[in-house]
>>> print(open('input.cif').read())   # mmCIF, C-alpha atoms; chains and numbers go by the auth columns
data_entry
#
loop_
_atom_site.group_PDB
_atom_site.id
_atom_site.type_symbol
_atom_site.label_atom_id
_atom_site.label_comp_id
_atom_site.label_asym_id
_atom_site.label_seq_id
_atom_site.Cartn_x
_atom_site.Cartn_y
_atom_site.Cartn_z
_atom_site.B_iso_or_equiv
_atom_site.auth_seq_id
_atom_site.auth_asym_id
ATOM 1 C CA MET A 1 56.890 64.259 -56.727 0.00 4 A
ATOM 2 C CA SER A 2 60.301 63.725 -58.304 0.00 5 A
ATOM 3 C CA GLY A 3 61.378 65.106 -61.622 0.00 6 A
ATOM 4 C CA PRO A 4 63.779 63.454 -64.037 0.00 7 A
ATOM 5 C CA VAL A 5 67.357 62.561 -63.153 0.00 8 A
ATOM 6 C CA ARG A 6 69.729 65.310 -64.258 0.00 9 A
ATOM 7 C CA SER A 7 73.346 64.935 -65.325 0.00 10 A
ATOM 8 C CA PHE A 8 76.191 67.372 -64.682 0.00 11 A
ATOM 9 C CA ASP A 9 79.805 67.189 -65.861 0.00 12 A
ATOM 10 C CA ARG A 10 81.291 69.327 -63.086 0.00 13 A
ATOM 11 C CA LEU A 11 80.762 69.727 -59.365 0.00 14 A
ATOM 12 C CA GLU A 12 80.488 73.449 -59.911 0.00 15 A
ATOM 13 C CA ASP A 13 77.387 72.934 -62.035 0.00 16 A
ATOM 14 C CA LEU A 14 75.384 70.958 -59.459 0.00 17 A
ATOM 15 C CA PRO A 15 72.187 72.639 -58.295 0.00 18 A
ATOM 16 C CA GLY A 16 72.409 74.250 -54.861 0.00 19 A
ATOM 17 C CA THR A 17 70.430 71.560 -53.059 0.00 20 A
ATOM 18 C CA ALA A 18 72.613 68.764 -54.446 0.00 21 A
ATOM 19 C CA ARG A 19 75.799 70.674 -53.671 0.00 22 A
ATOM 20 C CA ALA A 20 74.581 71.322 -50.123 0.00 23 A
ATOM 21 C CA LEU A 21 73.942 67.576 -49.781 0.00 24 A
ATOM 22 C CA LEU A 22 77.563 66.867 -50.758 0.00 25 A
ATOM 23 C CA ASP A 23 78.849 69.538 -48.386 0.00 26 A
ATOM 24 C CA ARG A 24 76.853 68.148 -45.421 0.00 27 A
ATOM 25 C CA THR A 25 77.753 64.527 -46.112 0.00 28 A
ATOM 26 C CA GLY A 26 81.409 65.296 -46.719 0.00 29 A
ATOM 27 C CA GLN A 27 81.760 66.881 -43.298 0.00 30 A
ATOM 28 C CA ALA A 28 81.205 63.473 -41.714 0.00 31 A
ATOM 29 C CA ARG A 29 82.884 61.195 -44.269 0.00 32 A
ATOM 30 C CA PHE A 30 86.074 62.061 -46.107 0.00 33 A
ATOM 31 C CA HIS A 31 85.364 59.826 -49.114 0.00 34 A
ATOM 32 C CA LEU A 32 82.116 61.713 -49.749 0.00 35 A
ATOM 33 C CA ASP A 33 83.588 65.196 -49.455 0.00 36 A
ATOM 34 C CA PRO A 34 83.338 67.507 -52.483 0.00 37 A
ATOM 35 C CA LEU A 35 87.135 67.948 -52.311 0.00 38 A
ATOM 36 C CA TRP A 36 87.520 64.186 -52.874 0.00 39 A
ATOM 37 C CA TRP A 37 85.189 64.283 -55.883 0.00 40 A
ATOM 38 C CA ALA A 38 87.016 67.347 -57.246 0.00 41 A
ATOM 39 C CA CYS A 39 90.345 65.512 -56.920 0.00 42 A
ATOM 40 C CA MET A 40 88.912 62.460 -58.672 0.00 43 A
ATOM 41 C CA GLN A 41 87.433 64.685 -61.375 0.00 44 A
ATOM 42 C CA ALA A 42 90.722 66.499 -61.953 0.00 45 A
ATOM 43 C CA HIS A 43 93.261 63.679 -61.633 0.00 46 A
ATOM 44 C CA ALA A 44 91.805 60.188 -61.601 0.00 47 A
ATOM 45 C CA LEU A 45 89.561 59.711 -64.608 0.00 48 A
ATOM 46 C CA PRO A 46 90.246 56.912 -67.079 0.00 49 A
ATOM 47 C CA GLU A 47 91.733 58.078 -70.366 0.00 50 A
ATOM 48 C CA GLY A 48 89.111 59.779 -72.522 0.00 51 A
ATOM 49 C CA ALA A 49 86.570 59.946 -69.681 0.00 52 A
ATOM 50 C CA ARG A 50 84.856 62.875 -68.019 0.00 53 A
ATOM 51 C CA ALA A 51 83.090 63.187 -64.694 0.00 54 A
ATOM 52 C CA ARG A 52 79.329 62.818 -64.599 0.00 55 A
ATOM 53 C CA TYR A 53 77.226 63.540 -61.539 0.00 56 A
ATOM 54 C CA LEU A 54 73.675 62.243 -61.646 0.00 57 A
ATOM 55 C CA VAL A 55 71.208 64.033 -59.379 0.00 58 A
ATOM 56 C CA SER A 56 67.927 62.382 -58.439 0.00 59 A
ATOM 57 C CA GLY A 57 64.703 64.077 -59.418 0.00 60 A
ATOM 58 C CA ALA A 58 64.053 65.176 -55.821 0.00 61 A
ATOM 59 C CA ASP A 59 67.662 66.351 -55.290 0.00 62 A
ATOM 60 C CA ASP A 60 67.992 63.829 -52.452 0.00 63 A
ATOM 61 C CA ALA A 61 70.774 61.722 -53.994 0.00 64 A
ATOM 62 C CA VAL A 62 73.892 62.202 -56.112 0.00 65 A
ATOM 63 C CA LEU A 63 75.632 59.422 -58.034 0.00 66 A
ATOM 64 C CA PRO A 64 79.224 60.425 -58.941 0.00 67 A
ATOM 65 C CA LEU A 65 80.340 58.608 -62.091 0.00 68 A
ATOM 66 C CA TRP A 66 82.827 58.814 -64.916 0.00 69 A
ATOM 67 C CA ALA A 67 81.631 58.554 -68.490 0.00 70 A
ATOM 68 C CA GLY A 68 84.051 57.247 -71.081 0.00 71 A
ATOM 69 C CA PRO A 69 84.146 56.437 -74.741 0.00 72 A
ATOM 70 C CA ALA A 70 81.715 53.908 -76.205 0.00 73 A
ATOM 71 C CA ARG A 71 79.060 54.568 -73.515 0.00 74 A
ATOM 72 C CA ALA A 72 81.265 53.225 -70.704 0.00 75 A
ATOM 73 C CA LEU A 73 80.280 54.272 -67.174 0.00 76 A
ATOM 74 C CA GLY A 74 81.866 53.667 -63.810 0.00 77 A
ATOM 75 C CA GLY A 75 81.853 54.901 -60.259 0.00 78 A
ATOM 76 C CA LEU A 76 84.020 57.955 -59.672 0.00 79 A
ATOM 77 C CA GLU A 77 86.592 56.032 -57.645 0.00 80 A
ATOM 78 C CA ASN A 78 90.067 54.608 -58.127 0.00 81 A
ATOM 79 C CA HIS A 79 92.507 52.278 -56.396 0.00 82 A
ATOM 80 C CA TYR A 80 92.931 54.808 -53.561 0.00 83 A
ATOM 81 C CA SER A 81 89.197 54.774 -52.831 0.00 84 A
ATOM 82 C CA VAL A 82 88.492 52.919 -49.620 0.00 85 A
ATOM 83 C CA ILE A 83 84.770 52.876 -50.294 0.00 86 A
ATOM 84 C CA TYR A 84 82.417 54.186 -52.945 0.00 87 A
ATOM 85 C CA GLU A 85 78.767 55.030 -52.524 0.00 88 A
ATOM 86 C CA PRO A 86 76.123 57.394 -53.795 0.00 89 A
ATOM 87 C CA ILE A 87 75.403 60.402 -51.623 0.00 90 A
ATOM 88 C CA PHE A 88 71.967 60.339 -50.013 0.00 91 A
ATOM 89 C CA ALA A 89 70.027 62.844 -47.947 0.00 92 A
ATOM 90 C CA GLU A 90 69.634 61.784 -44.331 0.00 93 A
ATOM 91 C CA GLY A 91 66.630 59.809 -43.219 0.00 94 A
ATOM 92 C CA LEU A 92 65.554 58.305 -46.529 0.00 95 A
ATOM 93 C CA GLY A 93 63.425 55.209 -46.077 0.00 96 A
ATOM 94 C CA GLN A 94 63.651 51.957 -47.986 0.00 97 A
ATOM 95 C CA PRO A 95 60.882 52.905 -50.470 0.00 98 A
ATOM 96 C CA ARG A 96 62.616 56.150 -51.434 0.00 99 A
ATOM 97 C CA LEU A 97 66.008 54.417 -51.737 0.00 100 A
ATOM 98 C CA ARG A 98 64.415 51.846 -54.040 0.00 101 A
ATOM 99 C CA ALA A 99 62.850 54.645 -56.107 0.00 102 A
ATOM 100 C CA ILE A 100 66.249 56.372 -56.344 0.00 103 A
ATOM 101 C CA GLY A 101 67.766 53.108 -57.587 0.00 104 A
ATOM 102 C CA ALA A 102 65.058 52.902 -60.247 0.00 105 A
ATOM 103 C CA GLU A 103 65.582 56.559 -61.235 0.00 106 A
ATOM 104 C CA PHE A 104 69.339 56.169 -61.587 0.00 107 A
ATOM 105 C CA GLY A 105 68.925 52.796 -63.285 0.00 108 A
ATOM 106 C CA GLY A 106 66.617 54.292 -65.886 0.00 109 A
ATOM 107 C CA ALA A 107 69.135 57.051 -66.556 0.00 110 A
ATOM 108 C CA ILE A 108 72.132 54.734 -67.034 0.00 111 A
ATOM 109 C CA ARG A 109 70.762 51.454 -68.372 0.00 112 A
ATOM 110 C CA ARG A 110 71.675 52.156 -72.006 0.00 113 A
ATOM 111 C CA ALA A 111 75.332 52.418 -71.042 0.00 114 A
ATOM 112 C CA GLY A 112 75.848 48.663 -71.057 0.00 115 A
ATOM 113 C CA THR A 113 78.202 47.545 -68.306 0.00 116 A
ATOM 114 C CA ILE A 114 78.496 49.982 -65.411 0.00 117 A
ATOM 115 C CA ARG A 115 81.294 49.229 -63.007 0.00 118 A
ATOM 116 C CA LEU A 116 80.915 50.325 -59.395 0.00 119 A
ATOM 117 C CA ASP A 117 83.898 49.189 -57.344 0.00 120 A
ATOM 118 C CA ALA A 118 84.525 49.502 -53.599 0.00 121 A
ATOM 119 C CA LEU A 119 80.865 49.235 -52.606 0.00 122 A
ATOM 120 C CA ASP A 120 80.185 48.321 -48.981 0.00 123 A
ATOM 121 C CA GLY A 121 78.288 45.038 -49.185 0.00 124 A
ATOM 122 C CA GLU A 122 76.935 45.617 -45.661 0.00 125 A
ATOM 123 C CA ALA A 123 75.544 49.112 -46.356 0.00 126 A
ATOM 124 C CA SER A 124 71.870 49.462 -45.439 0.00 127 A
ATOM 125 C CA TRP A 125 71.132 51.462 -48.595 0.00 128 A
ATOM 126 C CA LEU A 126 72.458 48.768 -50.948 0.00 129 A
ATOM 127 C CA PRO A 127 69.558 46.242 -50.982 0.00 130 A
ATOM 128 C CA PRO A 128 66.805 48.774 -51.781 0.00 131 A
ATOM 129 C CA VAL A 129 68.939 50.589 -54.358 0.00 132 A
ATOM 130 C CA LEU A 130 69.801 47.273 -56.035 0.00 133 A
ATOM 131 C CA ALA A 131 66.083 46.402 -56.081 0.00 134 A
ATOM 132 C CA GLY A 132 65.410 49.702 -57.833 0.00 135 A
ATOM 133 C CA LEU A 133 68.187 49.075 -60.335 0.00 136 A
ATOM 134 C CA ARG A 134 66.638 45.679 -61.096 0.00 137 A
ATOM 135 C CA GLU A 135 63.258 47.372 -61.632 0.00 138 A
ATOM 136 C CA ALA A 136 64.974 49.539 -64.239 0.00 139 A
ATOM 137 C CA GLY A 137 66.249 46.447 -66.029 0.00 140 A
ATOM 138 C CA LEU A 138 69.811 46.283 -64.709 0.00 141 A
ATOM 139 C CA ILE A 139 71.502 43.143 -63.386 0.00 142 A
ATOM 140 C CA ALA A 140 74.037 43.380 -60.561 0.00 143 A
ATOM 141 C CA GLN A 141 76.982 41.006 -60.509 0.00 144 A
ATOM 142 C CA PHE A 142 79.395 40.884 -57.605 0.00 145 A
ATOM 143 C CA PHE A 143 83.029 39.860 -57.653 0.00 146 A
#
>>> encode(input="input.cif", output="C-alpha cells")
Amino acid sequence: MSGPVRSFDRLEDLPGTARALLDRTGQARFHLDPLWWACMQAHALPEGARARYLVSGADDAVLPLWAGPARALGGLENHYSVIYEPIFAEGLGQPRLRAIGAEFGGAIRRAGTIRLDALDGEASWLPPVLAGLREAGLIAQFF
C-alpha cells in the first residue's frame, strides 16, 4: 500500500530509499545522476524558483521539478538537458506506472500549467504515466 506523495526542496532531504533509487539509476544514466540534479538545483533554476522533488508514496519513483512564483511548476531541466524523465525503480509494471502518474498528478494538479520539456516520446513508461495523470484530471499537450 502506498502512502501520500511527499515533497522535498533539497536532494539532501530525500528519504534513504528515494536517494538510493537516484544513486542506482544515476550510475547507468548521466542525466538521472544525483550530481546532475544537484547542479540543476544549484545553478539552473528559473528566477524565483526552488527545486522540488516529489517522491511517490511507495518510494519507487522521484519526480524532480522546480517550483516558481504563482504556483508555476516545471521539470528540473534546462536547455542543456538531453532528456528529462522521472526516476523509477526497476521492474515496475504498467499498472504501477499508471498509479504513480495518478499519485503525482494528484499532488501537482492545482499548479495550473506544468511544463515538462525534453521527454522521450518513445519511452515505455510514458503512456501509463500519462494515463495516470489524466486520471488525476491533468491534460497533456505536446509540442
>>> resolve_selection(input="input.cif", expression="the PyMOL selection byres ((chain A and resi 73) around 12)", output="list in words")
Gly51, Ala52, Ala70, Gly71, Pro72, Arg74, Ala75, Leu76, Arg113, Ala114, Gly115, Thr116 and Ile117 of chain A
>>> resolve_selection(input="input.cif", expression="the PyMOL selection byres ((chain A and resi 127-138) around 6)", output="PDB file with C-alpha atoms, in the coordinates of the input")
ATOM      1  CA  GLN A  97      63.651  51.957 -47.986  1.00  0.00           C
ATOM      2  CA  LEU A 100      66.008  54.417 -51.737  1.00  0.00           C
ATOM      3  CA  ARG A 101      64.415  51.846 -54.040  1.00  0.00           C
ATOM      4  CA  ALA A 102      62.850  54.645 -56.107  1.00  0.00           C
ATOM      5  CA  GLY A 104      67.766  53.108 -57.587  1.00  0.00           C
ATOM      6  CA  ALA A 105      65.058  52.902 -60.247  1.00  0.00           C
ATOM      7  CA  GLY A 108      68.925  52.796 -63.285  1.00  0.00           C
ATOM      8  CA  ALA A 126      75.544  49.112 -46.356  1.00  0.00           C
ATOM      9  CA  ALA A 139      64.974  49.539 -64.239  1.00  0.00           C
ATOM     10  CA  GLY A 140      66.249  46.447 -66.029  1.00  0.00           C
ATOM     11  CA  LEU A 141      69.811  46.283 -64.709  1.00  0.00           C
ATOM     12  CA  ILE A 142      71.502  43.143 -63.386  1.00  0.00           C
TER      13      ILE A 142
END
>>> closest_residue(input="input.cif", among="A:Leu17, A:Ile86, A:Leu68, A:Leu48", to="Asp123 (chain A)", atoms="all atoms listed in the file")
A:Ile86
>>> residues_around(input="input.cif", residues="Ala61 (chain A)", least_positions_apart="3", cutoff="12 Å", atoms="all atoms listed in the file", output="JSON, numbers by chain")
{"A": [4, 5, 6, 7, 8, 9, 18, 20, 21, 24, 57, 58, 64, 65, 91, 92, 95, 99, 100, 102, 103, 106, 107]}
>>> closest_residue(input="input.cif", among="A:Gly77, A:Pro89, A:Gly124, A:Pro98", to="Leu25 (chain A)", atoms="all atoms listed in the file")
A:Pro89
>>> residues_around(input="input.cif", residues="Val85 (chain A)", least_positions_apart="4", cutoff="12 Å", atoms="all atoms listed in the file", output="PyMOL selection string")
chain A and resi 32-35+39+80-81+120-123
>>> closest_residue(input="input.cif", among="A:Glu93, A:Glu125, A:Glu15, A:Asp62", to="Ala31 (chain A)", atoms="only C-alpha atoms")
A:Glu93
>>> atom_distance(input="input.cif", atom1="CA of Pro37 (chain A)", atom2="CA of Tyr56 (chain A)")
11.6 Å
>>> closest_residue(input="input.cif", among="A:Arg55, A:Leu79, A:Arg118, A:Asp63", to="Arg22 (chain A)", atoms="all atoms listed in the file")
A:Asp63
>>> closest_residue(input="input.cif", among="A:Gly109, A:Phe145, A:Gly96, A:Leu66", to="Gly78 (chain A)", atoms="all atoms listed in the file")
A:Leu66
>>> atom_distance(input="input.cif", atom1="CA of Trp40 (chain A)", atom2="CA of Ser59 (chain A)")
17.6 Å
>>> atom_distance(input="input.cif", atom1="CA of Glu50 (chain A)", atom2="CA of His82 (chain A)")
15.1 Å
>>> closest_residue(input="input.cif", among="A:Phe11, A:Ser84, A:Thr28, A:Ala23", to="Cys42 (chain A)", atoms="only C-alpha atoms")
A:Ser84
